[in-house]
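Q: I'm passing along protein_30.txt; it holds compact mmCIF, C-alpha atoms and all ligand atoms.
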# COMPACT_ATOMS: atom_id res chain seq x y z
CA MET O 1 -1.71 -0.68 59.80
CA SER O 2 -2.39 -2.79 56.74
CA LYS O 3 -4.82 -1.38 54.22
CA GLU O 4 -8.28 -2.85 53.72
CA ILE O 5 -8.47 -5.25 50.79
CA VAL O 6 -10.57 -4.26 47.78
CA LEU O 7 -11.27 -6.73 45.02
CA SER O 8 -13.25 -6.53 41.82
CA GLY O 9 -13.25 -7.93 38.31
CA ILE O 10 -14.82 -7.59 34.91
CA ARG O 11 -15.63 -10.48 32.55
CA SER O 12 -13.62 -10.61 29.34
CA THR O 13 -16.53 -10.62 26.94
CA GLY O 14 -15.62 -7.61 24.75
CA ASN O 15 -14.76 -3.95 25.09
CA LEU O 16 -15.71 -2.06 28.23
CA HIS O 17 -18.85 0.07 28.08
CA LEU O 18 -20.20 2.99 30.08
CA GLY O 19 -21.96 0.59 32.49
CA ASN O 20 -18.64 -1.04 33.33
CA TYR O 21 -17.04 2.38 33.64
CA TYR O 22 -19.52 3.95 36.06
CA GLY O 23 -20.38 0.71 37.87
CA ALA O 24 -16.79 -0.40 38.35
CA LEU O 25 -13.77 0.99 36.51
CA ARG O 26 -14.10 4.62 37.57
CA LYS O 27 -14.19 3.51 41.20
CA PHE O 28 -11.13 1.28 40.70
CA VAL O 29 -9.07 4.27 39.62
CA LYS O 30 -10.34 6.46 42.46
CA ILE O 31 -9.49 4.08 45.29
CA GLN O 32 -6.18 2.61 44.20
CA ASP O 33 -4.13 5.00 46.35
CA ASP O 34 -5.96 4.34 49.58
CA TYR O 35 -6.65 0.61 49.63
CA ASP O 36 -4.91 -2.67 48.92
CA CYS O 37 -6.59 -3.05 45.53
CA ARG O 38 -6.73 -6.20 43.43
CA PHE O 39 -8.43 -5.87 40.07
CA PHE O 40 -8.73 -8.81 37.76
CA ILE O 41 -10.06 -9.96 34.42
CA ALA O 42 -12.67 -12.66 34.91
CA ASP O 43 -11.84 -14.92 31.97
CA LEU O 44 -13.11 -18.08 33.72
CA HIS O 45 -16.47 -16.40 34.22
CA ALA O 46 -16.46 -15.49 30.52
CA LEU O 47 -16.21 -19.21 29.70
CA THR O 48 -19.76 -19.74 31.03
CA THR O 49 -21.06 -18.45 27.71
CA ASN O 50 -18.72 -20.66 25.64
CA PRO O 51 -16.76 -18.03 23.68
CA ASP O 52 -14.53 -18.85 20.72
CA PRO O 53 -11.01 -19.46 22.15
CA ASN O 54 -9.49 -16.75 19.95
CA ASP O 55 -12.09 -14.23 21.06
CA LEU O 56 -11.47 -15.05 24.70
CA HIS O 57 -7.77 -14.31 24.49
CA ALA O 58 -8.24 -11.12 22.45
CA ASN O 59 -10.86 -9.92 24.93
CA VAL O 60 -8.60 -10.48 27.93
CA LYS O 61 -5.99 -8.32 26.24
CA LYS O 62 -8.53 -5.62 25.38
CA ILE O 63 -9.76 -5.34 28.96
CA LEU O 64 -6.24 -5.30 30.32
CA ALA O 65 -5.34 -2.43 27.98
CA GLU O 66 -8.54 -0.57 28.87
CA TYR O 67 -7.88 -0.98 32.61
CA LEU O 68 -4.46 0.59 32.10
CA ALA O 69 -5.69 3.28 29.72
CA ALA O 70 -8.38 4.30 32.23
CA GLY O 71 -5.63 4.91 34.79
CA ILE O 72 -5.24 1.78 36.92
CA ASP O 73 -1.59 1.87 37.90
CA PRO O 74 0.05 -1.57 38.22
CA ASP O 75 2.52 -0.12 40.74
CA LYS O 76 -0.38 0.76 43.03
CA ALA O 77 -2.96 -1.94 42.36
CA THR O 78 -2.52 -5.64 41.64
CA ILE O 79 -3.87 -6.39 38.17
CA PHE O 80 -4.24 -10.06 37.27
CA ILE O 81 -6.02 -12.55 35.07
CA GLN O 82 -8.32 -14.94 36.93
CA SER O 83 -7.05 -18.06 35.13
CA ASP O 84 -3.46 -17.20 36.13
CA VAL O 85 -4.43 -18.06 39.70
CA PRO O 86 -5.18 -21.82 39.69
CA GLU O 87 -5.88 -21.70 43.42
CA ILE O 88 -9.21 -20.09 42.51
CA ALA O 89 -10.29 -23.19 40.56
CA GLU O 90 -9.44 -25.51 43.44
CA MET O 91 -11.23 -23.42 46.01
CA TYR O 92 -14.25 -23.19 43.68
CA LEU O 93 -14.49 -26.98 43.90
CA LEU O 94 -14.19 -26.91 47.68
CA LEU O 95 -16.69 -24.10 48.26
CA ASN O 96 -19.24 -25.77 45.96
CA MET O 97 -19.61 -28.46 48.63
CA HIS O 98 -21.36 -25.83 50.74
CA VAL O 99 -23.57 -24.31 48.08
CA GLY O 100 -27.11 -25.50 47.37
CA ILE O 101 -28.32 -25.95 43.80
CA GLY O 102 -31.69 -24.50 44.83
CA GLU O 103 -30.20 -21.19 45.89
CA LEU O 104 -28.14 -21.06 42.71
CA MET O 105 -31.18 -21.75 40.54
CA ARG O 106 -33.05 -18.91 42.23
CA THR O 107 -30.32 -16.37 41.43
CA THR O 108 -31.66 -13.65 39.15
CA SER O 109 -28.63 -13.61 36.85
CA PHE O 110 -28.89 -17.39 36.38
CA LYS O 111 -32.58 -17.21 35.57
CA ASP O 112 -32.00 -14.38 33.09
CA LYS O 113 -29.13 -16.13 31.34
CA ALA O 114 -30.84 -19.52 31.30
CA ARG O 115 -34.02 -18.01 29.88
CA LYS O 116 -32.04 -16.27 27.19
CA ALA O 117 -30.16 -19.47 26.30
CA LEU O 118 -33.40 -21.44 26.06
CA GLY O 119 -35.28 -18.66 24.28
CA ILE O 120 -38.05 -18.41 26.88
CA SER O 121 -39.58 -15.16 28.01
CA ALA O 122 -39.61 -13.97 31.59
CA PRO O 123 -42.67 -15.00 33.60
CA ALA O 124 -45.18 -12.31 34.47
CA GLU O 125 -44.78 -10.78 37.90
CA GLY O 126 -46.14 -13.10 40.58
CA ASP O 127 -45.86 -16.28 38.45
CA ASP O 128 -44.00 -18.99 40.25
CA ASP O 129 -40.86 -20.38 38.70
CA GLU O 130 -41.75 -24.05 38.85
CA ALA O 131 -42.45 -24.32 35.14
CA PHE O 132 -39.18 -22.61 34.34
CA GLU O 133 -37.21 -24.97 36.57
CA LYS O 134 -38.89 -27.95 34.91
CA GLN O 135 -37.94 -26.55 31.53
CA ILE O 136 -34.30 -26.30 32.55
CA ILE O 137 -34.14 -29.77 33.99
CA GLY O 138 -36.21 -31.38 31.25
CA SER O 139 -35.07 -29.44 28.21
CA GLU O 140 -33.28 -31.33 25.49
CA THR O 141 -31.39 -28.15 24.84
CA ASN O 142 -30.30 -27.82 28.45
CA LYS O 143 -26.70 -28.34 27.46
CA ARG O 144 -26.84 -24.65 26.61
CA VAL O 145 -27.48 -23.97 30.29
CA ASN O 146 -24.20 -25.38 31.53
CA ALA O 147 -23.25 -26.12 35.12
CA GLY O 148 -20.69 -23.30 35.04
CA LEU O 149 -23.52 -20.84 34.55
CA LEU O 150 -25.33 -22.30 37.54
CA THR O 151 -22.26 -22.16 39.78
CA TYR O 152 -21.22 -18.70 38.59
CA PRO O 153 -21.93 -17.19 42.06
CA THR O 154 -19.67 -19.78 43.73
CA LEU O 155 -16.79 -18.78 41.48
CA MET O 156 -17.41 -15.10 42.15
CA ALA O 157 -17.55 -15.74 45.90
CA VAL O 158 -14.22 -17.54 45.66
CA ASP O 159 -12.63 -14.62 43.78
CA ILE O 160 -13.54 -12.42 46.72
CA LEU O 161 -13.02 -14.79 49.65
CA ILE O 162 -9.72 -16.22 48.47
CA GLN O 163 -8.27 -12.69 48.65
CA LYS O 164 -10.08 -12.04 51.98
CA ALA O 165 -11.49 -8.85 50.46
CA THR O 166 -13.99 -6.80 52.44
CA LYS O 167 -14.82 -4.13 49.89
CA VAL O 168 -16.09 -4.93 46.40
CA PRO O 169 -16.78 -2.04 44.01
CA VAL O 170 -19.47 -3.25 41.59
CA GLY O 171 -22.61 -2.03 39.83
CA LYS O 172 -26.10 -2.67 41.14
CA ASP O 173 -26.57 -5.84 39.08
CA GLN O 174 -23.92 -7.66 41.13
CA LEU O 175 -25.40 -7.00 44.57
CA GLN O 176 -27.23 -10.32 44.72
CA HIS O 177 -23.96 -12.15 44.04
CA LEU O 178 -22.37 -10.25 46.90
CA GLU O 179 -25.24 -11.17 49.19
CA LEU O 180 -24.63 -14.83 48.28
CA THR O 181 -20.92 -14.41 48.95
CA ARG O 182 -21.68 -13.19 52.46
CA ARG O 183 -24.05 -16.09 52.97
CA PHE O 184 -21.43 -18.63 51.80
CA ALA O 185 -18.79 -17.04 54.06
CA ARG O 186 -21.09 -17.22 57.10
CA ARG O 187 -22.06 -20.79 56.27
CA PHE O 188 -18.44 -21.89 55.96
CA ASN O 189 -17.48 -20.18 59.21
CA SER O 190 -20.37 -21.66 61.14
CA PHE O 191 -20.10 -25.19 59.64
CA TYR O 192 -16.46 -25.48 60.66
CA GLY O 193 -16.80 -23.39 63.81
CA VAL O 194 -14.18 -20.90 62.67
CA ASP O 195 -14.07 -17.15 62.29
CA TYR O 196 -12.18 -17.34 59.03
CA PHE O 197 -13.81 -15.44 56.17
CA PRO O 198 -14.70 -11.75 56.59
CA GLU O 199 -17.98 -10.66 55.00
CA PRO O 200 -17.53 -8.46 51.93
CA TYR O 201 -19.73 -5.48 51.05
CA ASP O 202 -20.19 -3.34 47.95
CA PHE O 203 -18.21 -0.15 47.86
CA ASP O 204 -19.79 3.05 46.61
CA PHE O 205 -18.12 5.63 48.86
CA GLY O 206 -21.40 6.46 50.56
CA GLY O 207 -23.30 6.87 47.26
CA ALA O 208 -25.92 4.50 45.90
CA PRO O 209 -24.94 1.56 43.68
CA VAL O 210 -25.12 2.56 40.03
CA LYS O 211 -27.22 1.12 37.26
CA VAL O 212 -26.32 2.67 33.91
CA PRO O 213 -29.31 2.43 31.57
CA GLY O 214 -29.22 1.65 27.87
CA LEU O 215 -30.34 4.26 25.35
CA ASP O 216 -32.87 1.95 23.76
CA GLY O 217 -35.71 2.85 26.07
CA SER O 218 -35.56 0.41 28.96
CA GLY O 219 -33.28 -1.73 31.05
CA LYS O 220 -29.57 -1.54 31.74
CA MET O 221 -26.67 -1.07 29.40
CA GLY O 222 -25.15 -4.48 28.72
CA LYS O 223 -23.35 -6.45 26.05
CA SER O 224 -26.07 -9.04 25.70
CA GLU O 225 -28.63 -6.23 25.39
CA GLY O 226 -26.72 -4.90 22.36
CA ASN O 227 -27.15 -1.29 23.54
CA CYS O 228 -23.65 -0.36 24.62
CA ILE O 229 -21.67 2.82 24.32
CA TYR O 230 -18.09 1.58 24.42
CA LEU O 231 -15.19 3.51 25.90
CA VAL O 232 -13.31 3.00 22.63
CA ASP O 233 -16.18 4.03 20.34
CA ASP O 234 -15.06 6.41 17.64
CA PRO O 235 -16.59 9.91 18.25
CA LYS O 236 -18.70 9.66 15.09
CA VAL O 237 -20.12 6.30 16.12
CA LEU O 238 -20.68 7.46 19.68
CA ARG O 239 -22.52 10.62 18.61
CA LYS O 240 -24.71 8.57 16.30
CA LYS O 241 -25.60 6.13 19.09
CA VAL O 242 -26.57 8.95 21.42
CA MET O 243 -28.55 10.84 18.78
CA ARG O 244 -30.53 7.64 18.06
CA ALA O 245 -31.54 7.25 21.73
CA VAL O 246 -35.23 6.52 22.22
CA THR O 247 -37.31 9.45 23.57
CA ASP O 248 -40.99 10.43 23.48
CA GLU O 249 -43.08 13.25 22.03
CA GLY O 250 -41.95 15.61 24.80
CA PRO O 251 -43.70 16.94 27.93
CA GLN O 252 -47.16 18.34 27.15
CA THR O 253 -47.92 19.95 30.50
CA PRO O 254 -45.53 21.58 33.01
CA ASN O 255 -43.91 19.26 35.57
CA SER O 256 -45.27 16.11 33.97
CA PRO O 257 -43.71 12.77 34.95
CA MET O 258 -40.91 11.41 32.74
CA SER O 259 -41.26 8.34 30.57
CA GLU O 260 -38.62 5.65 31.18
CA PRO O 261 -36.55 6.40 28.03
CA VAL O 262 -36.31 10.09 28.92
CA ALA O 263 -35.54 9.36 32.57
CA ASN O 264 -32.73 7.10 31.30
CA LEU O 265 -31.26 9.97 29.27
CA PHE O 266 -31.29 12.11 32.38
CA SER O 267 -29.61 9.33 34.39
CA LEU O 268 -26.76 9.31 31.90
CA LEU O 269 -26.60 13.09 31.91
CA GLU O 270 -26.31 13.03 35.69
CA LEU O 271 -23.36 10.67 35.48
CA THR O 272 -21.46 12.52 32.78
CA SER O 273 -22.38 16.22 32.96
CA THR O 274 -22.01 19.01 35.48
CA PRO O 275 -24.85 19.85 37.91
CA ASP O 276 -25.47 23.11 35.99
CA VAL O 277 -26.07 21.29 32.75
CA VAL O 278 -28.38 18.77 34.41
CA LYS O 279 -30.33 21.58 36.05
CA HIS O 280 -30.65 23.44 32.76
CA PHE O 281 -32.27 20.45 31.05
CA ARG O 282 -34.39 19.49 34.06
CA ASP O 283 -35.80 23.04 34.14
CA ALA O 284 -36.40 22.91 30.40
CA TYR O 285 -38.24 19.62 30.81
CA ALA O 286 -40.32 21.03 33.65
CA ASP O 287 -41.45 24.08 31.65
CA CYS O 288 -41.91 22.06 28.42
CA SER O 289 -39.25 24.01 26.47
CA ILE O 290 -36.87 21.06 26.22
CA ARG O 291 -35.52 19.95 22.86
CA TYR O 292 -34.30 16.38 23.14
CA GLY O 293 -31.89 16.95 20.24
CA ASP O 294 -30.04 19.57 22.28
CA LEU O 295 -29.91 17.31 25.31
CA LYS O 296 -28.51 14.46 23.22
CA LYS O 297 -25.86 16.69 21.63
CA GLN O 298 -24.72 17.85 25.04
CA LEU O 299 -24.78 14.30 26.42
CA ALA O 300 -22.66 12.98 23.53
CA GLU O 301 -20.02 15.68 24.07
CA ASP O 302 -19.93 15.06 27.82
CA ILE O 303 -19.54 11.30 27.31
CA LEU O 304 -16.76 11.97 24.81
CA ALA O 305 -14.95 14.12 27.37
CA VAL O 306 -14.81 11.02 29.58
CA THR O 307 -13.97 8.43 26.93
CA THR O 308 -11.56 10.34 24.66
CA PRO O 309 -8.51 10.27 26.97
CA ILE O 310 -9.00 6.51 27.45
CA ARG O 311 -9.48 5.85 23.74
CA ASP O 312 -6.39 7.95 22.93
CA ARG O 313 -4.17 5.80 25.15
CA VAL O 314 -5.52 2.35 24.46
CA ASN O 315 -3.88 1.61 21.11
CA ASP O 316 -0.36 2.40 22.31
CA ILE O 317 -0.86 0.13 25.30
CA LEU O 318 -2.29 -2.66 23.15
CA ALA O 319 0.78 -2.52 20.92
CA ASP O 320 3.16 -3.03 23.84
CA ASP O 321 3.02 -6.77 24.46
CA ASP O 322 6.10 -6.76 26.69
CA TYR O 323 4.54 -4.25 29.02
CA LEU O 324 1.23 -6.13 29.17
CA ARG O 325 3.05 -9.39 29.88
CA ARG O 326 5.05 -7.76 32.69
CA VAL O 327 1.91 -6.31 34.27
CA VAL O 328 0.01 -9.58 34.41
CA LYS O 329 3.02 -11.61 35.48
CA GLN O 330 3.68 -9.31 38.40
CA GLY O 331 -0.06 -9.25 39.23
CA ALA O 332 -0.39 -13.04 39.11
CA GLU O 333 2.54 -13.47 41.46
CA LYS O 334 1.01 -11.18 44.05
CA ALA O 335 -2.51 -12.57 43.68
CA ARG O 336 -1.27 -16.17 43.91
CA GLU O 337 0.67 -15.48 47.07
CA SER O 338 -2.43 -14.52 49.05
CA ALA O 339 -4.66 -17.05 47.27
CA ALA O 340 -2.26 -19.90 48.12
CA ARG O 341 -2.30 -18.92 51.78
CA THR O 342 -6.11 -18.92 51.94
CA LEU O 343 -6.36 -22.19 50.03
CA ALA O 344 -3.91 -23.91 52.38
CA ASP O 345 -6.00 -22.73 55.36
CA VAL O 346 -9.25 -23.84 53.73
CA ARG O 347 -7.86 -27.30 52.94
CA GLU O 348 -6.71 -27.61 56.53
CA ILE O 349 -10.06 -26.40 57.94
CA MET O 350 -11.97 -28.85 55.72
CA GLY O 351 -9.79 -31.74 56.84
CA ILE O 352 -7.60 -32.22 53.78
CA ARG O 353 -4.28 -32.83 55.47
CA LYS O 354 -0.96 -34.18 54.42
CA PHE O 355 0.27 -37.53 55.75
P1 LIG J 1 -19.54 -7.86 34.42
O1 LIG J 1 -18.37 -8.25 33.60
O2 LIG J 1 -20.91 -8.17 33.91
O3 LIG J 1 -19.51 -6.33 34.71
C1 LIG J 1 -18.36 -5.75 35.28
C2 LIG J 1 -18.74 -4.61 36.21
O4 LIG J 1 -19.50 -3.62 35.50
C3 LIG J 1 -20.72 -3.39 36.19
N1 LIG J 1 -21.79 -3.11 35.22
C4 LIG J 1 -22.67 -2.12 35.38
N2 LIG J 1 -22.80 -1.20 36.35
C5 LIG J 1 -23.78 -0.30 36.21
N3 LIG J 1 -24.63 -0.28 35.14
C6 LIG J 1 -24.53 -1.17 34.15
N4 LIG J 1 -25.32 -1.13 33.09
C7 LIG J 1 -23.50 -2.17 34.25
N5 LIG J 1 -23.11 -3.20 33.45
C8 LIG J 1 -22.06 -3.77 34.07
C9 LIG J 1 -21.01 -4.67 36.95
O5 LIG J 1 -21.88 -4.44 38.05
C10 LIG J 1 -19.62 -5.08 37.38
O6 LIG J 1 -19.23 -4.41 38.55
N6 LIG J 1 -19.67 -11.22 38.00
C11 LIG J 1 -19.00 -10.01 37.60
C12 LIG J 1 -17.48 -10.19 37.44
C13 LIG J 1 -16.85 -10.75 38.65
C14 LIG J 1 -16.61 -10.08 39.87
C15 LIG J 1 -15.96 -11.05 40.70
C16 LIG J 1 -16.85 -8.80 40.33
C17 LIG J 1 -16.38 -12.02 38.77
N7 LIG J 1 -15.85 -12.20 40.00
C18 LIG J 1 -15.58 -10.72 42.00
C19 LIG J 1 -16.47 -8.47 41.63
C20 LIG J 1 -15.84 -9.43 42.46
C21 LIG J 1 -19.58 -9.61 36.25
O7 LIG J 1 -20.11 -10.39 35.54
O8 LIG J 1 -19.36 -8.39 35.91
Can the structure from this file be put into structure tokens for me?
Ligand code: TYM

A:
Amino acid sequence: MSKEIVLSGIRSTGNLHLGNYYGALRKFVKIQDDYDCRFFIADLHALTTNPDPNDLHANVKKILAEYLAAGIDPDKATIFIQSDVPEIAEMYLLLNMHVGIGELMRTTSFKDKARKALGISAPAEGDDDEAFEKQIIGSETNKRVNAGLLTYPTLMAVDILIQKATKVPVGKDQLQHLELTRRFARRFNSFYGVDYFPEPYDFDFGGAPVKVPGLDGSGKMGKSEGNCIYLVDDPKVLRKKVMRAVTDEGPQTPNSPMSEPVANLFSLLELTSTPDVVKHFRDAYADCSIRYGDLKKQLAEDILAVTTPIRDRVNDILADDDYLRRVVKQGAEKARESAARTLADVREIMGIRKF
């Protein structure tokens, strides 16, 4: 029996951080033996934020090396670069004919990125978004909110659907995009009266989708938040970042509720440390004996235990251009084979036929 198809990607916007690792990369490595895995570097998605061309190329190479250093094996999984598969760009055009601009404008990631680009703050809870939409349409600076940013979910849906993937290992922040992908697949199937695209779901092996917090008090770890712990961070730098994590004055009464910054530290501890260690600090918090400095020291060492083997391998891999070229060439060939088949079917279904 053929294996189920798993697909996921990471944008090439810089080094990989702990959010990428726990939300995506760690799962990639775990499942590569048991599924037909296709992992790619989303360089076309990275273009939505208009990077410098030199940065884009260097970042693709960095992510490729970090994929390999983390243990993705190109003999088990297909590793490719999104822009090496031109079929994706054509199908993106075709699928966009079935995507509404209203639903794209309501996507959380679009609203966040557009707000950031225009320098406007998020509306208070319950405010309607009409004013925001007017600002985007009417703004003289709206060239900063480009159409690629708006149609980002279409491109992501195409990445998944063109490979006919059913399992997509991603972090919590990508779940809305997956929901849209399912909606687009259903819409396509029902518009053309076909049972063509399978519906893809996130893949967390029965666990809950992960959101890795930042150490700056609130929110998630992310490049645009400037709060990342990178897999390749030097131990000194990494320790410093962890030791500077925001906390509070400490629990004053037994079993008091945790503030968000402290809860975030515990979330990271849960991801990186053993259950014993987590229990030790939870008990210490509950009886007010906790010293945040001790917790941070432990957390930094446990993070380093995860990142050090990756960091140790990455430079050798980066230096081996021939190897990297071979990996992506082989990956592109495999990814294009299945993408070309889907695209030919989609063209046929939509009525684009040869004379
Ligand atoms: P990107 O590049 O923002 O992030 C890559 C992966 O890392 C996860 N992630 C996190 N998970 C938990 N906590 C965090 N703080 C955190 N930060 C990032 C993301 O959820 C993601 O899984 N649109 C995607 C790339 C993409 C894609 C696809 C993914 C393009 N096409 C098709 C899957 C399938 C993105 O921007 O990820």

Q: Find the distance between CA of Thr274 (chain O) and CA of Leu295 (chain O) and write it in Å to one decimal.

A: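 Answer for the CA of Thr274 (chain O) to CA of Leu295 (chain O) separation: 13.0 Å.
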
Q: Taking all listed atoms of region 304-318 of chain O, build the axis-aligned box, pad each of the six sides by 4 Å, then write its centre and edge lengths in Å to one decimal as JSON.

A:
{"center_x": -8.6, "center_y": 5.7, "center_z": 25.3, "size_x": 24.4, "size_y": 24.8, "size_z": 16.5}

Q: Hey, which residues come within 8 Å of ligand LIG 1 (chain J) if we count all atoms listed in the file? Could you give them as a VMD selection string?

A: chain O and resid 7 to 13 17 to 25 41 to 42 45 152 to 153 155 to 160 168 to 175 177 to 178 209 to 214 220 to 222

Q: In Å, how far is it from CA of Ile229 (chain O) to CA of Lys241 (chain O)?

A: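 Separating CA of Ile229 (chain O) from CA of Lys241 (chain O) is a distance of 7.3 Å.
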
Q: Just the residues within 9 Å of region 329-342 of chain O, please, counting only C-alpha atoms, with nothing from its chain fewer than 3 positions along; format it as number ranges by chain.

A: O: 38, 40, 74, 77-82, 84-88, 161-164, 324-326, 345-347

Q: Please identify all polymer residues within 12 Å of Ile120 (chain O), counting all atoms listed in the file, omitting same-chain residues fewer than 5 positions from it, and present them as a short mmCIF file (atom, residue, chain, number, x, y, z; two decimals) with C-alpha atoms, in the coordinates of the input.

A:
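Produced file selection-v8.cif, reproduced below:
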data_model
loop_
_atom_site.label_atom_id
_atom_site.label_comp_id
_atom_site.auth_asym_id
_atom_site.auth_seq_id
_atom_site.Cartn_x
_atom_site.Cartn_y
_atom_site.Cartn_z
CA LYS O 111 -32.58 -17.21 35.57
CA ASP O 112 -32.00 -14.38 33.09
CA LYS O 113 -29.13 -16.13 31.34
CA ALA O 114 -30.84 -19.52 31.30
CA ARG O 115 -34.02 -18.01 29.88
CA ALA O 131 -42.45 -24.32 35.14
CA PHE O 132 -39.18 -22.61 34.34
CA GLU O 133 -37.21 -24.97 36.57
CA GLN O 135 -37.94 -26.55 31.53
CA ILE O 136 -34.30 -26.30 32.55
CA SER O 139 -35.07 -29.44 28.21
CA THR O 141 -31.39 -28.15 24.84
#

Q: With all atoms listed in the file as the basis for distance, which of O:Cys37, O:Leu150, O:Leu95, O:Ile31 is at the shortest distance from Phe191 (chain O)?

A: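 So, comparing all the options, the nearest one is O:Leu95.
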
Q: Here is a test: counting only C-alpha atoms, which residue of O:Met97, O:Met350, O:Leu231, O:Ala165 is nearest to Lys3 (chain O)?

A: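 Of O:Met97, O:Met350, O:Leu231, O:Ala165, the one nearest Lys3 (chain O) is O:Ala165, counting only C-alpha atoms.
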
Q: If we count all atoms listed in the file and set the cut-off at 8 Å, which residues sit around Thr308 (chain O), ignoring sequence neighbours fewer than 4 positions away in its own chain? Please answer as a PyMOL selection string.

A: chain O and resi 231-232+304+312

Q: Store the residues picked out above in a file with C-alpha atoms, as a CSV table (one decimal), keeping the file's coordinate frame.

A:
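Resulting contents of part13.csv:
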chain,number,residue,atom,x,y,z
O,231,LEU,CA,-15.2,3.5,25.9
O,232,VAL,CA,-13.3,3.0,22.6
O,304,LEU,CA,-16.8,12.0,24.8
O,312,ASP,CA,-6.4,8.0,22.9

Q: With a distance cut-off of 9 Å and all atoms listed in the file, select the neighbouring residues of Asp302 (chain O), excluding the residue or stretch itself and same-chain residues fewer than 2 positions from it, and output the selection as a ChimeraX atom specification.

A: /O:269,272-274,297-300,304-307

Q: Would you mind reading off the distance between CA of Thr154 (chain O) and CA of His57 (chain O), one decimal, in Å?

A: 23.3 Å

Q: Which one is closest to Leu44 (chain O): O:Ser83, O:Ser121, O:Gln32, O:Ser224? Count only C-alpha atoms.

A: O:Ser83

Q: Would you kindly return, as a compact mmCIF listing (two decimals) with C-alpha atoms, in the frame of the given file, each protein, DNA or RNA residue with an atom no farther than 9 Å from any atom of Pro309 (chain O), considering only C-alpha atoms and excluding same-chain residues fewer than 5 positions away?

A:
# COMPACT_ATOMS: atom_id res chain seq x y z
CA ALA O 69 -5.69 3.28 29.72
CA ALA O 70 -8.38 4.30 32.23
CA LEU O 304 -16.76 11.97 24.81
CA VAL O 314 -5.52 2.35 24.46

Q: Just checking: using only C-alpha atoms, which residue out of O:Glu4, O:Asp73, O:Asp204, O:Asp322 ends up closest to Lys27 (chain O)?

A: O:Asp204

Q: Please determine, counting all atoms listed in the file, which residue among O:Arg282, O:Asp316, O:Cys288, O:Ala147 has the shortest atom-to-atom distance to Ser267 (chain O).

A: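 Looking only at the distances to Ser267 (chain O), the closest residue turns out to be O:Arg282.
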
Q: Find the residue from O:Tyr285, O:Phe184, O:Phe110, O:Tyr323 that sits nearest to Phe197 (chain O); use all atoms listed in the file when measuring.

A: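 Of all the options, O:Phe184 lies closest to Phe197 (chain O).
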
Q: Assuming the input is short of atoms at region 211-220 of chain O, produce N, CA, C and O atoms for that part as an mmCIF file, keeping the file's coordinate frame.

A:
data_model
loop_
_atom_site.group_PDB
_atom_site.id
_atom_site.type_symbol
_atom_site.label_atom_id
_atom_site.label_comp_id
_atom_site.auth_asym_id
_atom_site.auth_seq_id
_atom_site.Cartn_x
_atom_site.Cartn_y
_atom_site.Cartn_z
ATOM 1 N N LYS O 211 -26.767 1.935 38.389
ATOM 2 C CA LYS O 211 -27.220 1.120 37.260
ATOM 3 C C LYS O 211 -27.263 2.038 36.039
ATOM 4 O O LYS O 211 -28.090 2.961 35.982
ATOM 5 N N VAL O 212 -26.355 1.825 35.107
ATOM 6 C CA VAL O 212 -26.320 2.670 33.910
ATOM 7 C C VAL O 212 -27.332 2.106 32.911
ATOM 8 O O VAL O 212 -27.267 0.928 32.549
ATOM 9 N N PRO O 213 -28.289 2.947 32.485
ATOM 10 C CA PRO O 213 -29.310 2.430 31.570
ATOM 11 C C PRO O 213 -28.800 2.359 30.132
ATOM 12 O O PRO O 213 -27.799 2.990 29.787
ATOM 13 N N GLY O 214 -29.495 1.622 29.306
ATOM 14 C CA GLY O 214 -29.220 1.650 27.870
ATOM 15 C C GLY O 214 -29.936 2.855 27.264
ATOM 16 O O GLY O 214 -30.713 3.523 27.942
ATOM 17 N N LEU O 215 -29.663 3.113 25.972
ATOM 18 C CA LEU O 215 -30.340 4.260 25.350
ATOM 19 C C LEU O 215 -31.455 3.777 24.435
ATOM 20 O O LEU O 215 -31.941 4.510 23.586
ATOM 21 N N ASP O 216 -31.839 2.514 24.624
ATOM 22 C CA ASP O 216 -32.870 1.950 23.760
ATOM 23 C C ASP O 216 -34.226 1.919 24.448
ATOM 24 O O ASP O 216 -35.108 1.168 24.075
ATOM 25 N N GLY O 217 -34.373 2.694 25.494
ATOM 26 C CA GLY O 217 -35.710 2.850 26.070
ATOM 27 C C GLY O 217 -35.883 2.228 27.432
ATOM 28 O O GLY O 217 -36.482 2.809 28.302
ATOM 29 N N SER O 218 -35.357 1.010 27.639
ATOM 30 C CA SER O 218 -35.560 0.410 28.960
ATOM 31 C C SER O 218 -34.383 -0.475 29.320
ATOM 32 O O SER O 218 -33.594 -0.860 28.465
ATOM 33 N N GLY O 219 -34.290 -0.777 30.601
ATOM 34 C CA GLY O 219 -33.280 -1.730 31.050
ATOM 35 C C GLY O 219 -31.897 -1.148 31.162
ATOM 36 O O GLY O 219 -31.668 0.044 30.953
ATOM 37 N N LYS O 220 -30.929 -2.021 31.504
ATOM 38 C CA LYS O 220 -29.570 -1.540 31.740
ATOM 39 C C LYS O 220 -28.712 -1.668 30.482
ATOM 40 O O LYS O 220 -29.047 -2.418 29.569
#
